[in-house]
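Trainee: What follows is entry.tsv; its format and atoms are TSV, C-alpha atoms.
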chain	number	residue	atom	x	y	z
A	1	MET	CA	0.00	0.00	0.00
A	2	LYS	CA	2.87	2.33	0.96
A	3	LYS	CA	4.59	1.65	-2.39
A	4	ILE	CA	1.37	2.39	-4.30
A	5	THR	CA	0.90	5.64	-2.38
A	6	LEU	CA	4.52	6.63	-3.13
A	7	ALA	CA	4.10	5.76	-6.81
A	8	ILE	CA	0.90	7.83	-7.01
A	9	ALA	CA	2.64	10.74	-5.24
A	10	ALA	CA	5.58	10.51	-7.68
A	11	LEU	CA	3.22	10.43	-10.66
A	12	LEU	CA	1.29	13.44	-9.33
A	13	ALA	CA	4.52	15.36	-8.72
A	14	ALA	CA	5.71	14.56	-12.25
A	15	ALA	CA	2.35	15.62	-13.70
A	16	LEU	CA	2.43	18.87	-11.71
A	17	PHE	CA	6.00	19.56	-12.84
A	18	ALA	CA	5.06	18.87	-16.47
A	19	PHE	CA	2.00	21.12	-16.13
A	20	ALA	CA	4.07	23.97	-14.64
A	21	GLN	CA	6.75	23.52	-17.32
A	22	ASN	CA	4.12	23.50	-20.07
A	23	SER	CA	2.43	26.65	-18.69
A	24	ALA	CA	5.81	28.41	-18.63
A	25	ASP	CA	6.51	27.33	-22.24
A	26	GLU	CA	3.08	28.50	-23.39
A	27	GLY	CA	3.49	31.78	-21.52
A	28	GLY	CA	6.84	32.33	-23.25
A	29	ARG	CA	5.26	31.61	-26.62
A	30	VAL	CA	2.50	34.16	-26.02
A	31	LEU	CA	5.02	36.81	-24.92
A	32	GLY	CA	6.93	36.11	-28.13
A	33	LEU	CA	3.74	36.76	-30.10
A	34	GLU	CA	3.24	40.04	-28.25
A	35	LYS	CA	6.70	41.14	-29.47
A	36	ALA	CA	5.85	40.00	-33.00
A	37	TRP	CA	2.70	42.16	-32.77
A	38	ASN	CA	4.80	45.22	-31.94
A	39	HIS	CA	7.15	44.57	-34.86
A	40	ALA	CA	4.17	44.12	-37.17
A	41	ILE	CA	2.77	47.48	-36.03
A	42	GLU	CA	6.11	49.23	-36.60
A	43	ALA	CA	6.29	47.72	-40.11
A	44	LYS	CA	2.54	48.24	-40.75
A	45	ASP	CA	2.59	44.55	-41.64
A	46	THR	CA	-1.10	43.69	-41.75
A	47	LYS	CA	-0.37	40.19	-43.11
A	48	ALA	CA	1.56	39.34	-39.96
A	49	LEU	CA	-1.20	40.91	-37.83
A	50	ASP	CA	-3.79	38.87	-39.69
A	51	GLN	CA	-2.03	35.71	-38.45
A	52	LEU	CA	-1.85	36.96	-34.87
A	53	LEU	CA	-5.49	38.00	-34.53
A	54	ALA	CA	-8.49	35.65	-34.42
A	55	SER	CA	-11.38	36.28	-36.81
A	56	THR	CA	-13.52	37.22	-33.77
A	57	PHE	CA	-10.89	39.69	-32.51
A	58	VAL	CA	-12.18	42.86	-30.82
A	59	ALA	CA	-10.13	45.87	-29.81
A	60	VAL	CA	-11.05	48.64	-27.40
A	61	GLU	CA	-9.01	51.74	-28.07
A	62	ILE	CA	-7.90	54.49	-25.67
A	63	ASP	CA	-10.77	56.76	-26.84
A	64	GLY	CA	-13.34	54.13	-25.80
A	65	SER	CA	-14.15	53.03	-29.33
A	66	ALA	CA	-14.45	49.37	-30.28
A	67	SER	CA	-13.26	47.82	-33.52
A	68	SER	CA	-13.44	44.44	-35.21
A	69	LYS	CA	-10.43	42.68	-36.74
A	70	SER	CA	-10.96	44.18	-40.19
A	71	GLU	CA	-11.47	47.69	-38.78
A	72	PHE	CA	-8.32	47.29	-36.68
A	73	LEU	CA	-6.26	46.14	-39.68
A	74	ALA	CA	-7.64	49.01	-41.77
A	75	SER	CA	-6.58	51.51	-39.10
A	76	ILE	CA	-3.02	50.13	-39.16
A	77	LYS	CA	-2.96	50.29	-42.97
A	78	ALA	CA	-4.22	53.90	-43.08
A	79	PRO	CA	-1.51	56.15	-44.65
A	80	GLU	CA	-1.97	58.82	-41.94
A	81	TYR	CA	-0.96	56.29	-39.27
A	82	GLN	CA	2.86	56.33	-39.05
A	83	PRO	CA	4.19	54.43	-36.02
A	84	SER	CA	7.95	54.65	-35.49
A	85	GLN	CA	8.42	52.63	-32.32
A	86	ALA	CA	6.19	50.16	-30.46
A	87	VAL	CA	7.57	48.52	-27.31
A	88	ASN	CA	6.25	46.84	-24.20
A	89	GLU	CA	7.78	48.21	-21.02
A	90	ASP	CA	6.35	45.57	-18.75
A	91	MET	CA	4.46	42.35	-19.43
A	92	HIS	CA	3.02	39.58	-17.30
A	93	VAL	CA	1.30	36.50	-18.63
A	94	GLN	CA	-1.09	34.17	-16.87
A	95	VAL	CA	-1.92	30.90	-18.64
A	96	TYR	CA	-5.27	29.17	-18.03
A	97	GLY	CA	-5.12	26.00	-20.15
A	98	ASN	CA	-5.91	27.08	-23.70
A	99	ALA	CA	-6.24	30.74	-22.72
A	100	ALA	CA	-3.63	33.29	-21.74
A	101	VAL	CA	-4.05	36.79	-20.36
A	102	VAL	CA	-1.25	39.30	-20.86
A	103	VAL	CA	-1.15	42.54	-18.88
A	104	GLY	CA	1.41	45.23	-19.57
A	105	ILE	CA	2.38	48.72	-20.59
A	106	PHE	CA	2.71	49.52	-24.27
A	107	ARG	CA	4.67	52.58	-25.41
A	108	ILE	CA	4.01	53.82	-28.91
A	109	LYS	CA	5.77	56.63	-30.68
A	110	GLY	CA	4.63	57.91	-34.03
A	111	VAL	CA	2.90	60.51	-36.14
A	112	GLU	CA	-0.83	60.63	-36.72
A	113	LYS	CA	-2.39	63.17	-39.08
A	114	GLY	CA	0.90	65.06	-39.07
A	115	LYS	CA	1.09	65.29	-35.30
A	116	PRO	CA	3.88	63.47	-33.41
A	117	TYR	CA	2.89	61.65	-30.23
A	118	VAL	CA	4.18	59.29	-27.55
A	119	HIS	CA	1.59	57.26	-25.65
A	120	ARG	CA	1.92	54.92	-22.72
A	121	GLU	CA	-1.03	52.57	-22.54
A	122	ARG	CA	-1.97	49.89	-20.02
A	123	PHE	CA	-3.25	46.90	-21.92
A	124	ILE	CA	-4.88	43.52	-21.40
A	125	ASP	CA	-4.75	40.99	-24.23
A	126	THR	CA	-6.60	37.69	-24.17
A	127	TRP	CA	-5.17	34.87	-26.28
A	128	ILE	CA	-6.80	31.55	-27.18
A	129	LYS	CA	-5.00	28.43	-28.37
A	130	GLN	CA	-6.89	26.66	-31.14
A	131	ASN	CA	-5.37	23.87	-33.26
A	132	GLN	CA	-1.93	24.44	-31.68
A	133	THR	CA	-2.02	28.13	-32.65
A	134	TRP	CA	-2.31	31.05	-30.27
A	135	GLN	CA	-4.37	33.98	-31.52
A	136	CYS	CA	-5.46	37.15	-29.78
A	137	VAL	CA	-9.24	37.43	-29.36
A	138	ALA	CA	-9.46	40.67	-27.37
A	139	SER	CA	-7.22	43.64	-26.74
A	140	SER	CA	-8.02	46.72	-24.68
A	141	ALA	CA	-5.88	49.74	-23.87
A	142	THR	CA	-6.22	52.63	-21.47
A	143	LEU	CA	-4.08	55.73	-21.74
A	144	ILE	CA	-1.78	56.30	-18.78
A	145	SER	CA	-1.81	60.00	-18.16
A	146	ALA	CA	1.63	61.64	-18.09
A	147	LYS	CA	2.36	62.99	-14.60
B	1	MET	CA	-28.43	35.58	-7.85
B	2	ARG	CA	-26.00	35.77	-4.97
B	3	CYS	CA	-27.34	32.45	-3.65
B	4	GLN	CA	-26.85	30.86	-7.06
B	5	LEU	CA	-23.27	32.04	-7.05
B	6	ARG	CA	-22.45	30.71	-3.63
B	7	HIS	CA	-23.98	27.28	-4.20
B	8	PRO	CA	-21.33	25.79	-6.50
B	9	HIS	CA	-18.58	26.69	-4.05
B	10	GLN	CA	-20.47	25.18	-1.12
B	11	ARG	CA	-20.89	21.98	-3.11
B	12	GLU	CA	-17.18	21.86	-3.96
B	13	MET	CA	-16.18	22.39	-0.33
B	14	SER	CA	-18.41	19.62	0.97
B	15	THR	CA	-17.14	17.20	-1.72
B	16	THR	CA	-13.54	17.94	-0.74
B	17	HIS	CA	-14.36	17.27	2.90
B	18	LYS	CA	-15.90	13.91	2.06
B	19	ILE	CA	-12.89	12.88	-0.05
B	20	ARG	CA	-10.48	13.60	2.79
B	21	ALA	CA	-12.40	11.31	5.16
B	22	ALA	CA	-12.85	8.42	2.70
B	23	LYS	CA	-10.99	5.07	2.61
B	24	PRO	CA	-8.81	4.34	-0.50
B	25	PHE	CA	-11.39	2.18	-2.35
B	26	ALA	CA	-14.12	4.69	-1.61
B	27	LEU	CA	-11.78	7.43	-2.85
B	28	VAL	CA	-11.39	5.67	-6.22
B	29	ALA	CA	-15.16	5.29	-6.48
B	30	VAL	CA	-15.75	8.96	-5.62
B	31	CYS	CA	-13.10	10.07	-8.15
B	32	PHE	CA	-14.63	7.86	-10.85
B	33	MET	CA	-18.15	9.20	-10.15
B	34	ALA	CA	-16.90	12.79	-10.07
B	35	ALA	CA	-15.11	12.32	-13.41
B	36	ALA	CA	-18.14	10.67	-14.98
B	37	THR	CA	-20.47	13.39	-13.68
B	38	SER	CA	-18.13	16.16	-14.90
B	39	ALA	CA	-17.88	14.55	-18.34
B	40	LEU	CA	-21.66	14.25	-18.54
B	41	THR	CA	-22.20	17.83	-17.39
B	42	LEU	CA	-19.59	19.12	-19.82
B	43	ALA	CA	-21.24	17.23	-22.65
B	44	GLN	CA	-24.57	18.78	-21.68
B	45	SER	CA	-23.22	22.31	-21.23
B	46	SER	CA	-23.66	24.12	-24.54
B	47	PRO	CA	-22.06	27.46	-25.48
B	48	LYS	CA	-25.57	28.95	-25.29
B	49	ASP	CA	-25.94	27.77	-21.67
B	50	ASP	CA	-22.50	29.18	-20.85
B	51	ALA	CA	-23.32	32.51	-22.50
B	52	GLY	CA	-26.50	32.75	-20.43
B	53	ARG	CA	-24.57	31.93	-17.27
B	54	ILE	CA	-21.94	34.57	-18.01
B	55	MET	CA	-24.60	37.21	-18.70
B	56	ALA	CA	-26.19	36.39	-15.34
B	57	LEU	CA	-22.80	36.66	-13.63
B	58	GLU	CA	-22.20	40.06	-15.25
B	59	GLN	CA	-25.58	41.24	-13.93
B	60	ALA	CA	-24.71	39.82	-10.50
B	61	TRP	CA	-21.46	41.82	-10.62
B	62	ASN	CA	-23.44	45.03	-11.11
B	63	ARG	CA	-25.81	44.22	-8.24
B	64	ALA	CA	-22.79	43.45	-6.03
B	65	ILE	CA	-21.21	46.80	-6.91
B	66	GLU	CA	-24.45	48.69	-6.17
B	67	ALA	CA	-24.72	46.91	-2.80
B	68	LYS	CA	-20.95	47.15	-2.13
B	69	ASP	CA	-21.21	43.40	-1.56
B	70	THR	CA	-17.57	42.33	-1.55
B	71	GLN	CA	-18.49	38.79	-0.47
B	72	ALA	CA	-20.46	38.31	-3.69
B	73	LEU	CA	-17.62	39.90	-5.68
B	74	ASP	CA	-15.14	37.58	-4.00
B	75	GLN	CA	-17.07	34.63	-5.50
B	76	LEU	CA	-17.15	36.22	-8.97
B	77	LEU	CA	-13.46	37.06	-9.22
B	78	ALA	CA	-10.61	34.55	-9.53
B	79	PRO	CA	-7.68	34.84	-7.09
B	80	THR	CA	-5.51	35.91	-10.05
B	81	PHE	CA	-7.99	38.64	-11.09
B	82	VAL	CA	-6.52	41.87	-12.47
B	83	ALA	CA	-8.37	45.08	-13.34
B	84	VAL	CA	-7.35	48.13	-15.34
B	85	ASP	CA	-9.32	51.24	-14.38
B	86	THR	CA	-10.19	54.28	-16.50
B	87	ASP	CA	-7.02	56.08	-15.35
B	88	GLY	CA	-4.80	53.20	-16.48
B	89	GLY	CA	-4.21	52.02	-12.91
B	90	LEU	CA	-3.68	48.30	-12.39
B	91	THR	CA	-5.20	46.52	-9.38
B	92	ASN	CA	-5.24	42.95	-8.15
B	93	LYS	CA	-8.26	41.26	-6.57
B	94	GLY	CA	-7.49	42.43	-3.00
B	95	GLU	CA	-7.00	46.04	-4.10
B	96	PHE	CA	-10.13	45.94	-6.25
B	97	LEU	CA	-12.29	44.66	-3.39
B	98	ALA	CA	-10.77	47.25	-1.03
B	99	SER	CA	-11.67	50.04	-3.49
B	100	ILE	CA	-15.31	48.86	-3.54
B	101	LYS	CA	-15.38	48.65	0.27
B	102	ASP	CA	-13.90	52.15	0.67
B	103	PRO	CA	-16.48	54.37	2.46
B	104	SER	CA	-15.73	57.26	0.07
B	105	TYR	CA	-16.97	55.12	-2.85
B	106	GLN	CA	-20.78	55.29	-3.07
B	107	PRO	CA	-22.20	53.67	-6.21
B	108	ALA	CA	-25.85	54.43	-6.96
B	109	GLU	CA	-26.48	52.57	-10.20
B	110	ALA	CA	-24.46	50.14	-12.36
B	111	VAL	CA	-26.03	48.95	-15.62
B	112	TYR	CA	-25.08	47.58	-19.02
B	113	GLU	CA	-26.27	49.45	-22.07
B	114	ASP	CA	-24.84	46.76	-24.31
B	115	ILE	CA	-23.14	43.43	-23.65
B	116	ARG	CA	-21.93	40.58	-25.89
B	117	ALA	CA	-20.27	37.28	-25.03
B	118	GLU	CA	-17.95	35.20	-27.18
B	119	ILE	CA	-17.34	31.65	-25.93
B	120	TYR	CA	-14.05	29.80	-26.56
B	121	GLY	CA	-14.48	26.51	-24.70
B	122	ASP	CA	-13.60	27.24	-21.08
B	123	THR	CA	-12.92	30.92	-21.78
B	124	THR	CA	-15.44	33.66	-22.43
B	125	VAL	CA	-14.78	37.25	-23.43
B	126	THR	CA	-17.54	39.79	-22.78
B	127	THR	CA	-17.49	43.26	-24.25
B	128	GLY	CA	-19.90	46.12	-23.99
B	129	VAL	CA	-20.79	49.48	-22.52
B	130	PHE	CA	-21.20	49.91	-18.78
B	131	ARG	CA	-22.85	52.98	-17.21
B	132	ILE	CA	-22.07	53.84	-13.61
B	133	ARG	CA	-23.56	56.57	-11.43
B	134	GLU	CA	-21.57	57.05	-8.25
B	135	THR	CA	-20.16	59.39	-5.65
B	136	ARG	CA	-16.40	59.37	-5.22
B	137	LYS	CA	-14.88	61.45	-2.45
B	138	GLY	CA	-18.03	63.57	-2.28
B	139	LYS	CA	-18.18	64.14	-6.04
B	140	ARG	CA	-21.16	62.81	-8.04
B	141	ILE	CA	-20.25	61.36	-11.41
B	142	THR	CA	-21.89	59.43	-14.22
B	143	GLN	CA	-19.58	57.61	-16.57
B	144	ARG	CA	-19.99	55.43	-19.62
B	145	GLN	CA	-17.18	52.94	-20.00
B	146	ARG	CA	-16.30	50.42	-22.69
B	147	PHE	CA	-15.28	47.16	-20.98
B	148	VAL	CA	-13.65	43.84	-21.79
B	149	ASP	CA	-13.96	41.02	-19.25
B	150	THR	CA	-12.29	37.60	-19.54
B	151	TRP	CA	-13.92	34.68	-17.74
B	152	ILE	CA	-12.40	31.24	-17.12
B	153	LYS	CA	-14.38	28.11	-16.28
B	154	LYS	CA	-12.77	25.90	-13.65
B	155	GLY	CA	-14.80	22.79	-12.89
B	156	GLN	CA	-18.34	24.07	-13.20
B	157	THR	CA	-17.57	27.57	-11.96
B	158	TRP	CA	-16.94	30.64	-14.09
B	159	GLN	CA	-14.77	33.37	-12.59
B	160	CYS	CA	-13.52	36.62	-14.04
B	161	VAL	CA	-9.72	36.76	-14.41
B	162	ALA	CA	-9.32	40.14	-16.12
B	163	SER	CA	-11.36	43.30	-16.57
B	164	GLN	CA	-10.47	46.53	-18.30
B	165	VAL	CA	-12.56	49.67	-18.65
B	166	VAL	CA	-11.97	52.61	-20.96
B	167	LEU	CA	-13.83	55.87	-20.52
B	168	ILE	CA	-16.17	56.84	-23.38
B	169	PRO	CA	-16.06	60.62	-23.83
B	170	ALA	CA	-19.47	62.25	-23.33
B	171	LYS	CA	-19.89	63.13	-27.04
B	172	GLN	CA	-19.15	59.66	-28.45
B	173	VAL	CA	-22.02	57.41	-29.48
B	174	PRO	CA	-21.23	53.65	-29.18
What would the structure in this file look like if it were written as C-alpha cells?

Mentor:
Amino acid sequence: MKKITLAIAALLAAALFAFAQNSADEGGRVLGLEKAWNHAIEAKDTKALDQLLASTFVAVEIDGSASSKSEFLASIKAPEYQPSQAVNEDMHVQVYGNAAVVVGIFRIKGVEKGKPYVHRERFIDTWIKQNQTWQCVASSATLISAK
Amino acid sequence: MRCQLRHPHQREMSTTHKIRAAKPFALVAVCFMAAATSALTLAQSSPKDDAGRIMALEQAWNRAIEAKDTQALDQLLAPTFVAVDTDGGLTNKGEFLASIKDPSYQPAEAVYEDIRAEIYGDTTVTTGVFRIRETRKGKRITQRQRFVDTWIKKGQTWQCVASQVVLIPAKQVP
C-alpha cells in the first residue's frame, strides 16, 4: 500500500512539474507573439497581424471606441498612421489551459495626421490556443496619463 | 443571484471534505463518479448555456457593486484577477475589493447598455458598454465605460480573471 501511495505521489509530482513547465513554455510563446505584434505594427505589416489575430478579434481603443479585426487592420494600414516605435515596457502573462491573459504597458511613438505623439497605454490581451495556434481574441488599452 | 453564485462553491467544499475522510477504495469510487459526472455535465453544457450563465454573472457583478457586496464579488473574481481602471491604474483582486469597500466610494447605479459574449471553450470574453452613477470622495459622477472582461471556467464555476474599462467621452455614441 505504501509503495502504491509513493508511486501515485511521484506520478502526481511529475504531472504537476510537467503542467508547470508547459504553462511556462506557453506563456513564453504568447510573450513572443506580443513582441511580434509590436514589430508588425512598426512595419505596418497587416499580413503578420492577420495571423496573430483571431477572426472574432475585438479591440477597445484608448478613446473608448471598439473595432473588429478588419477595422483594426484598416486603421493600421491607413496612410496617416505612421508608427515609429512600439515597445512593451512591462508584461506579465497568466496561462489558463488554452487561454492566456497578458497585462502590460505599451509605449508607442509615431505621427498621426501630421502630429507626433508618444503614448503609454496599459493593456490587457486575451489569447486563445486553437489547433496548436495562439491567436489574440481581445485587446483593450487605457491611456496612462503623463504625470 | 448571490445564492446561485455561492452554491457551486459550497458543493465543492463539501465534496472535498468527504474525499479527505474516505478510505482508498471509496476514494477511487468517488473520483470515478466525479469524473463521470463532470464529463456528462460538460457534454450537456452548450455554449448557449454558458453565455446565459456569463450574462447572469455580469448582472450579479453590477448588483454586487451597487450593494458594495464584496463577499459576492469575492465569488465572482478569480484569485488571479486583475483590473485596469479608466485612469490606467492596475489593481489585483485584493486592491479591487478594497476600493469597492472604501467608504468614500458610493455607487448608486451600475447597468449595461450593451453586452456581448464570445465563448471559446472554457474561456469567455464579454465586451460592452457599462454605465455607472456614483459618488467618489463627495463628487457625483456618471460615466460610460467600454469594458472587456475575460472569464475562465474551472470545474463548473466561471470566474472573471481580467477586466479593463476605458472611458467613453461624453460626445461619443457607441

Trainee: Stretch 46-84 of chain B near stretch 99-115 of chain A within 10 Å: what's each residue's closest atom pair and its distance in Å to one decimal, counting only C-alpha atoms, ordered by chain then ascending residue number, as JSON lines?

Mentor:
{"residue": "B:Val82", "atom": "CA", "partner": "A:Val103", "partner_atom": "CA", "distance": 8.4}
{"residue": "B:Ala83", "atom": "CA", "partner": "A:Val103", "partner_atom": "CA", "distance": 9.4}
{"residue": "B:Val84", "atom": "CA", "partner": "A:Val103", "partner_atom": "CA", "distance": 9.1}

Trainee: For chain B, which residues have at least one atom within 7 Å of chain A, if we go by all atoms listed in the file? Write them as a list in words, please.

Mentor: Thr86, Asp87, Gly88, Thr123, Arg146, Val148, Gln164, Val166, Leu167 and Ile168 of chain B

Trainee: Just to confirm, what's the straight-line distance from atom CA of A:Val95 to atom CA of A:Ala24 in Å (one decimal)?

Mentor: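 Answer for the atom CA of A:Val95 to atom CA of A:Ala24 separation: 8.1 Å.
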
Trainee: Give me, as an MDAnalysis selection string, all polymer residues having an atom no more than 12 Å from B:Trp158, counting only C-alpha atoms and skipping those fewer than 5 positions away in the same chain.

Mentor: chainID B and resid 5:6 8:9 50:58 75:78 119 121:125 149:153

Trainee: Kindly give the distance, in Å, that separates atom CA of A:Ala48 and atom CA of A:Ala36, rounded to a single decimal.

Mentor: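 Calculated distance between atom CA of A:Ala48 and atom CA of A:Ala36 is 8.2 Å.
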
Trainee: For atom CA of A:Ala43 and atom CA of A:Val30, quote the distance in Å rounded to one decimal.

Mentor: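 Result for atom CA of A:Ala43 versus atom CA of A:Val30: 19.9 Å, one decimal.
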
Trainee: Select, from A:Asn22, A:Thr46, A:Asn38, A:Asn88, the residue with the minimum atom-to-atom distance to A:Ala74, counting all atoms listed in the file.

Mentor: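 Once distances to A:Ala74 are computed over all atoms listed in the file, the minimum belongs to A:Thr46.
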
Trainee: Nearest residue to B:Thr142 out of B:Pro107, B:Ala64, B:Ser99, B:Asp114, using only C-alpha atoms?

Mentor: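 Of B:Pro107, B:Ala64, B:Ser99, B:Asp114, the one nearest B:Thr142 is B:Pro107, counting only C-alpha atoms.
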
Trainee: For A:Glu42, work out the shell of residues within 6 Å, counting all atoms listed in the file and skipping chain neighbours fewer than 4 positions away, then give it as a list in words.

Mentor: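 Using all atoms listed in the file, the neighbours found are Pro83, Ser84 and Gln85 of chain A.
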
Trainee: Which residue out of B:Ser163, B:Gln143, B:Thr70, B:Thr91 has the minimum interatomic distance to B:Ala108 when all atoms listed in the file are used?

Mentor: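 Comparing B:Ser163, B:Gln143, B:Thr70, B:Thr91 against B:Ala108, the winner is B:Gln143.
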
Trainee: Determine, counting only C-alpha atoms, every residue of protein, DNA or RNA that lies within 9 Å of (-21.6, 49.3, -5.3) in the file coordinates, then give the result as a short mmCIF file (atom, residue, chain, number, x, y, z; two decimals) with C-alpha atoms, keeping the file's coordinate frame.

Mentor:
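That gives us part-v3.cif:
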data_model
loop_
_atom_site.label_atom_id
_atom_site.label_comp_id
_atom_site.auth_asym_id
_atom_site.auth_seq_id
_atom_site.Cartn_x
_atom_site.Cartn_y
_atom_site.Cartn_z
CA ASN B 62 -23.44 45.03 -11.11
CA ARG B 63 -25.81 44.22 -8.24
CA ALA B 64 -22.79 43.45 -6.03
CA ILE B 65 -21.21 46.80 -6.91
CA GLU B 66 -24.45 48.69 -6.17
CA ALA B 67 -24.72 46.91 -2.80
CA LYS B 68 -20.95 47.15 -2.13
CA ASP B 69 -21.21 43.40 -1.56
CA THR B 70 -17.57 42.33 -1.55
CA ILE B 100 -15.31 48.86 -3.54
CA LYS B 101 -15.38 48.65 0.27
CA TYR B 105 -16.97 55.12 -2.85
CA GLN B 106 -20.78 55.29 -3.07
CA PRO B 107 -22.20 53.67 -6.21
CA ALA B 108 -25.85 54.43 -6.96
CA GLU B 109 -26.48 52.57 -10.20
CA ALA B 110 -24.46 50.14 -12.36
CA GLU B 134 -21.57 57.05 -8.25
#

Trainee: Complete stretch 122-147 of chain B with N, CA and C atoms (output as a compact mmCIF listing (two decimals), in the frame of the given file).

Mentor:
# COMPACT_ATOMS: atom_id res chain seq x y z
N ASP B 122 -13.55 26.86 -22.49
CA ASP B 122 -13.60 27.24 -21.08
C ASP B 122 -13.21 28.71 -20.85
N THR B 123 -13.23 29.48 -21.90
CA THR B 123 -12.92 30.92 -21.78
C THR B 123 -14.04 31.71 -22.45
N THR B 124 -14.45 32.78 -21.83
CA THR B 124 -15.44 33.66 -22.43
C THR B 124 -14.94 35.10 -22.34
N VAL B 125 -15.13 35.82 -23.42
CA VAL B 125 -14.78 37.25 -23.43
C VAL B 125 -16.08 38.03 -23.59
N THR B 126 -16.36 38.92 -22.65
CA THR B 126 -17.54 39.79 -22.78
C THR B 126 -17.06 41.21 -23.06
N THR B 127 -17.79 41.86 -23.93
CA THR B 127 -17.49 43.26 -24.25
C THR B 127 -18.79 44.05 -24.23
N GLY B 128 -18.69 45.32 -23.98
CA GLY B 128 -19.90 46.12 -23.99
C GLY B 128 -19.69 47.50 -23.41
N VAL B 129 -20.82 48.13 -23.10
CA VAL B 129 -20.79 49.48 -22.52
C VAL B 129 -21.48 49.42 -21.15
N PHE B 130 -20.77 49.95 -20.18
CA PHE B 130 -21.20 49.91 -18.78
C PHE B 130 -21.43 51.36 -18.34
N ARG B 131 -22.58 51.62 -17.70
CA ARG B 131 -22.85 52.98 -17.21
C ARG B 131 -22.90 52.94 -15.68
N ILE B 132 -22.12 53.81 -15.08
CA ILE B 132 -22.07 53.84 -13.61
C ILE B 132 -22.36 55.26 -13.10
N ARG B 133 -23.25 55.31 -12.12
CA ARG B 133 -23.56 56.57 -11.43
C ARG B 133 -23.07 56.37 -10.01
N GLU B 134 -22.18 57.26 -9.57
CA GLU B 134 -21.57 57.05 -8.25
C GLU B 134 -21.10 58.36 -7.63
N THR B 135 -20.77 58.27 -6.34
CA THR B 135 -20.16 59.39 -5.65
C THR B 135 -18.79 58.93 -5.19
N ARG B 136 -17.77 59.69 -5.63
CA ARG B 136 -16.40 59.37 -5.22
C ARG B 136 -15.81 60.58 -4.52
N LYS B 137 -15.44 60.37 -3.27
CA LYS B 137 -14.88 61.45 -2.45
C LYS B 137 -15.78 62.69 -2.51
N GLY B 138 -17.07 62.47 -2.34
CA GLY B 138 -18.03 63.57 -2.28
C GLY B 138 -18.45 64.13 -3.63
N LYS B 139 -17.88 63.60 -4.71
CA LYS B 139 -18.18 64.14 -6.04
C LYS B 139 -19.08 63.16 -6.81
N ARG B 140 -20.23 63.66 -7.28
CA ARG B 140 -21.16 62.81 -8.04
C ARG B 140 -20.72 62.72 -9.49
N ILE B 141 -20.64 61.52 -9.99
CA ILE B 141 -20.25 61.36 -11.41
C ILE B 141 -21.09 60.28 -12.09
N THR B 142 -21.29 60.47 -13.39
CA THR B 142 -21.89 59.43 -14.22
C THR B 142 -20.91 59.17 -15.36
N GLN B 143 -20.54 57.94 -15.52
CA GLN B 143 -19.58 57.61 -16.57
C GLN B 143 -20.11 56.49 -17.44
N ARG B 144 -19.75 56.55 -18.72
CA ARG B 144 -19.99 55.43 -19.62
C ARG B 144 -18.62 54.87 -19.97
N GLN B 145 -18.49 53.57 -19.81
CA GLN B 145 -17.18 52.94 -20.00
C GLN B 145 -17.32 51.75 -20.94
N ARG B 146 -16.37 51.62 -21.85
CA ARG B 146 -16.30 50.42 -22.69
C ARG B 146 -15.50 49.38 -21.89
N PHE B 147 -15.98 48.16 -21.79
CA PHE B 147 -15.28 47.16 -20.98
C PHE B 147 -14.98 45.89 -21.77
